[in-house]
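What follows is a short report on a single structure.
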Amino acid sequence: MLRDHPTLPVILVNHQLIAIANDGVSPLEVDYGLTLWDTLIKDNDQIFMTVNGHHHGAAHLSKINKFGNAVEEMVADYQMAYQGGNGLMRFYEFDLSANQIRAISFSPWVKQKPSATLNEFDQVMLNAANNAVVINIDFAKRFTRFAPTFKAAAPSGTSLTAAATTANRTSTVVAFPLNKLC
């Protein structure tokens, strides 16, 4: 796929690439992830981000590939949390005009639960640093080696993160395609 689409930025989604250390927040590299790094990721500049689960909780690791560019590695898995994760999910917003990737962990399920049924484990947003991440990235500069004509689309003025997390309790979160990067 990388050879067939040499000018497209790539997010590698994998079951297990990085883990979470015993402190519950620090990233921890695992043998399988290191093998993927050595055999696929470090030599393919198109891969600018990885996302995986398998290890419970959330963490972020930034590594430099052989081209001197950062690869942002993310793990998020909430299935062991209250009520099987209580609907928690990771939401990524790529703000090309602000040159940021924002990752948040929130539960649209908890937002819709009746107030009378909520308890201390029902959290709409996980606000700890490992669950709410902002990555500064100059997209045009990061992609210039393989996509020299990359240009960000005109900003819409609407933060999808804000819309998804601040809407009223009965609203629905709508997913959006990530192909806006191309």
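Labels used: A, B, ... for chains in the order of the structure tokens, numbers from 1 for residues in each chain, and numbers from 1 for ligands as shown.
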
Neighbours of region 48-59 of chain A within 6 Å (only C-alpha atoms; same-chain residues fewer than 5 positions away dropped), as a list in words?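 Close residues of region 48-59 of chain A: Ile11, Leu12, Val13, Asn14, His15, Gln16, Ala19, Val25, Ser26, Pro27, Val71, Glu72, Glu73, Met74, Val75, Ala76, Asp77, Tyr78, Asn130 and Asn131 of chain A.
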
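Distance-wise, CA of Thr7 (chain A) and CA of Gln46 (chain A) end up 7.5 Å apart.
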
So that I can check the secondary structure, give me every residue of region 22-92 of chain A assigned alpha helix (DSSP H) by backbone DSSP, as a ChimeraX atom specification. /A:31-36

Mind the document's chain letters and residue numbers, and return as a CSV table (one decimal) with N, CA and C atoms, in the first residue's frame the residues of chain A that DSSP labels strand (DSSP E or B).
```csv
chain,number,residue,atom,x,y,z
A,10,VAL,N,0.5,8.5,6.2
A,10,VAL,CA,0.0,7.2,6.7
A,10,VAL,C,-0.1,7.2,8.2
A,11,ILE,N,-1.2,6.7,8.7
A,11,ILE,CA,-1.4,6.4,10.1
A,11,ILE,C,-1.5,4.9,10.2
A,12,LEU,N,-0.5,4.2,10.8
A,12,LEU,CA,-0.5,2.8,10.9
A,12,LEU,C,-1.3,2.4,12.2
A,13,VAL,N,-2.3,1.6,11.9
A,13,VAL,CA,-3.2,1.1,13.0
A,13,VAL,C,-2.8,-0.4,13.2
A,14,ASN,N,-2.6,-0.7,14.4
A,14,ASN,CA,-2.1,-2.1,14.8
A,14,ASN,C,-2.6,-2.5,16.1
A,18,ILE,N,3.0,-0.3,21.1
A,18,ILE,CA,3.6,0.1,22.3
A,18,ILE,C,2.6,-0.3,23.5
A,19,ALA,N,3.2,-0.4,24.6
A,19,ALA,CA,2.5,-0.7,25.8
A,19,ALA,C,2.5,0.4,26.8
A,20,ILE,N,2.0,0.2,28.0
A,20,ILE,CA,2.0,1.2,29.1
A,20,ILE,C,2.8,0.7,30.3
A,27,PRO,N,4.8,5.4,28.2
A,27,PRO,CA,4.9,4.4,27.1
A,27,PRO,C,6.0,3.4,27.4
A,28,LEU,N,5.7,2.2,26.9
A,28,LEU,CA,6.7,1.1,27.1
A,28,LEU,C,6.8,0.4,25.8
A,29,GLU,N,8.0,0.3,25.2
A,29,GLU,CA,8.2,-0.4,24.0
A,29,GLU,C,8.2,-1.9,24.2
A,47,ILE,N,4.8,7.2,7.2
A,47,ILE,CA,4.2,6.8,8.5
A,47,ILE,C,4.5,7.9,9.5
A,48,PHE,N,3.6,8.7,9.8
A,48,PHE,CA,3.8,9.8,10.8
A,48,PHE,C,3.1,9.6,12.1
A,49,MET,N,2.3,8.5,12.2
A,49,MET,CA,1.6,8.3,13.4
A,49,MET,C,1.2,6.8,13.5
A,50,THR,N,1.2,6.2,14.7
A,50,THR,CA,0.7,4.9,14.9
A,50,THR,C,-0.3,4.9,16.0
A,51,VAL,N,-1.3,4.0,15.9
A,51,VAL,CA,-2.4,3.9,16.9
A,51,VAL,C,-2.5,2.4,17.2
A,52,ASN,N,-2.6,2.1,18.5
A,52,ASN,CA,-2.8,0.7,18.9
A,52,ASN,C,-3.6,0.6,20.2
A,57,GLY,N,-5.3,1.4,29.2
A,57,GLY,CA,-5.0,2.8,29.5
A,57,GLY,C,-4.6,3.5,28.3
A,58,ALA,N,-3.7,4.5,28.5
A,58,ALA,CA,-3.3,5.4,27.3
A,58,ALA,C,-1.9,5.9,27.6
A,59,ALA,N,-1.2,6.0,26.5
A,59,ALA,CA,0.2,6.6,26.5
A,59,ALA,C,0.6,7.1,25.1
A,60,HIS,N,1.6,7.9,25.1
A,60,HIS,CA,2.1,8.5,23.8
A,60,HIS,C,3.6,8.5,23.8
A,61,LEU,N,4.2,8.1,22.7
A,61,LEU,CA,5.6,8.1,22.5
A,61,LEU,C,6.0,8.7,21.2
A,62,SER,N,6.9,9.6,21.2
A,62,SER,CA,7.4,10.2,19.9
A,62,SER,C,8.8,9.7,19.6
A,63,LYS,N,8.9,9.1,18.4
A,63,LYS,CA,10.2,8.6,18.0
A,63,LYS,C,10.7,9.2,16.7
A,64,ILE,N,11.9,9.3,16.5
A,64,ILE,CA,12.5,9.9,15.3
A,64,ILE,C,12.9,8.8,14.3
A,70,ALA,N,9.6,13.0,13.2
A,70,ALA,CA,8.9,12.4,14.4
A,70,ALA,C,7.8,11.4,13.9
A,71,VAL,N,7.7,10.3,14.6
A,71,VAL,CA,6.5,9.4,14.4
A,71,VAL,C,5.9,9.4,15.8
A,72,GLU,N,4.6,9.8,15.8
A,72,GLU,CA,3.8,9.8,17.0
A,72,GLU,C,3.2,8.5,17.2
A,73,GLU,N,3.5,7.8,18.3
A,73,GLU,CA,3.0,6.5,18.6
A,73,GLU,C,2.0,6.6,19.8
A,74,MET,N,0.8,6.1,19.6
A,74,MET,CA,-0.3,6.2,20.6
A,74,MET,C,-0.9,4.9,20.9
A,75,VAL,N,-1.1,4.7,22.2
A,75,VAL,CA,-1.9,3.5,22.6
A,75,VAL,C,-3.0,4.0,23.5
A,76,ALA,N,-4.2,3.4,23.2
A,76,ALA,CA,-5.4,3.7,24.0
A,76,ALA,C,-6.3,2.5,24.0
A,77,ASP,N,-6.7,2.0,25.2
A,77,ASP,CA,-7.5,0.9,25.4
A,77,ASP,C,-8.2,1.0,26.7
A,89,MET,N,-13.8,6.3,24.3
A,89,MET,CA,-13.2,6.1,23.0
A,89,MET,C,-12.1,7.2,22.8
A,90,ARG,N,-11.2,7.0,21.9
A,90,ARG,CA,-10.2,8.0,21.6
A,90,ARG,C,-10.6,8.7,20.3
A,91,PHE,N,-10.5,10.0,20.4
A,91,PHE,CA,-10.9,10.9,19.3
A,91,PHE,C,-9.7,11.7,18.9
A,92,TYR,N,-9.4,11.7,17.6
A,92,TYR,CA,-8.2,12.5,17.0
A,92,TYR,C,-8.7,13.6,16.1
A,93,GLU,N,-8.3,14.8,16.4
A,93,GLU,CA,-8.6,15.9,15.5
A,93,GLU,C,-7.3,16.4,14.9
A,94,PHE,N,-7.3,16.5,13.6
A,94,PHE,CA,-6.1,17.0,12.8
A,94,PHE,C,-6.4,18.4,12.4
A,95,ASP,N,-5.9,19.4,13.2
A,95,ASP,CA,-6.1,20.8,12.9
A,95,ASP,C,-4.9,21.3,12.0
A,100,GLN,N,-1.7,21.1,14.6
A,100,GLN,CA,-1.8,20.3,15.8
A,100,GLN,C,-2.6,19.0,15.6
A,101,ILE,N,-2.2,18.0,16.3
A,101,ILE,CA,-3.1,16.8,16.4
A,101,ILE,C,-3.5,16.8,17.9
A,102,ARG,N,-4.9,16.8,18.1
A,102,ARG,CA,-5.4,16.7,19.4
A,102,ARG,C,-6.1,15.4,19.6
A,103,ALA,N,-5.7,14.7,20.6
A,103,ALA,CA,-6.2,13.4,21.0
A,103,ALA,C,-6.9,13.5,22.3
A,104,ILE,N,-8.2,13.2,22.4
A,104,ILE,CA,-8.9,13.2,23.6
A,104,ILE,C,-9.6,11.8,23.8
A,105,SER,N,-9.9,11.5,25.1
A,105,SER,CA,-10.6,10.3,25.4
A,105,SER,C,-11.9,10.7,26.1
A,106,PHE,N,-13.0,10.3,25.5
A,106,PHE,CA,-14.3,10.7,26.1
A,106,PHE,C,-15.3,9.6,25.8
A,125,MET,N,-15.2,12.9,30.1
A,125,MET,CA,-13.8,13.1,29.6
A,125,MET,C,-12.8,12.6,30.6
A,126,LEU,N,-11.7,12.0,30.0
A,126,LEU,CA,-10.6,11.6,30.9
A,126,LEU,C,-9.6,12.8,30.6
A,133,VAL,N,-4.1,14.6,24.8
A,133,VAL,CA,-2.7,14.9,24.2
A,133,VAL,C,-2.8,16.0,23.1
A,134,VAL,N,-1.9,16.9,23.1
A,134,VAL,CA,-1.8,17.9,22.0
A,134,VAL,C,-0.4,17.7,21.4
A,135,ILE,N,-0.3,17.4,20.1
A,135,ILE,CA,0.9,17.3,19.5
A,135,ILE,C,1.1,18.4,18.5
A,136,ASN,N,2.1,19.2,18.6
A,136,ASN,CA,2.4,20.2,17.6
A,136,ASN,C,3.2,19.6,16.5
```

Between A:Met1, A:Ser115, A:Asp23, A:Leu96, which one has atoms that come closest to Ala152 (chain A), using only C-alpha atoms? A:Leu96

Find the residue from A:Leu40, A:Asp45, A:Gln123, A:Ala132 that sits nearest to Leu8 (chain A); use only C-alpha atoms when measuring.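 For Leu8 (chain A), the nearest of the given residues is A:Asp45.
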
Please indicate the distance in Å from CA of Pro155 (chain A) to CA of Asn99 (chain A), rounded to one decimal place. 11.2 Å

Distance criterion (only C-alpha atoms): nearest to Lys111 (chain A) out of A:Ile41, A:Ala147, A:Leu88, A:Ala162: A:Leu88
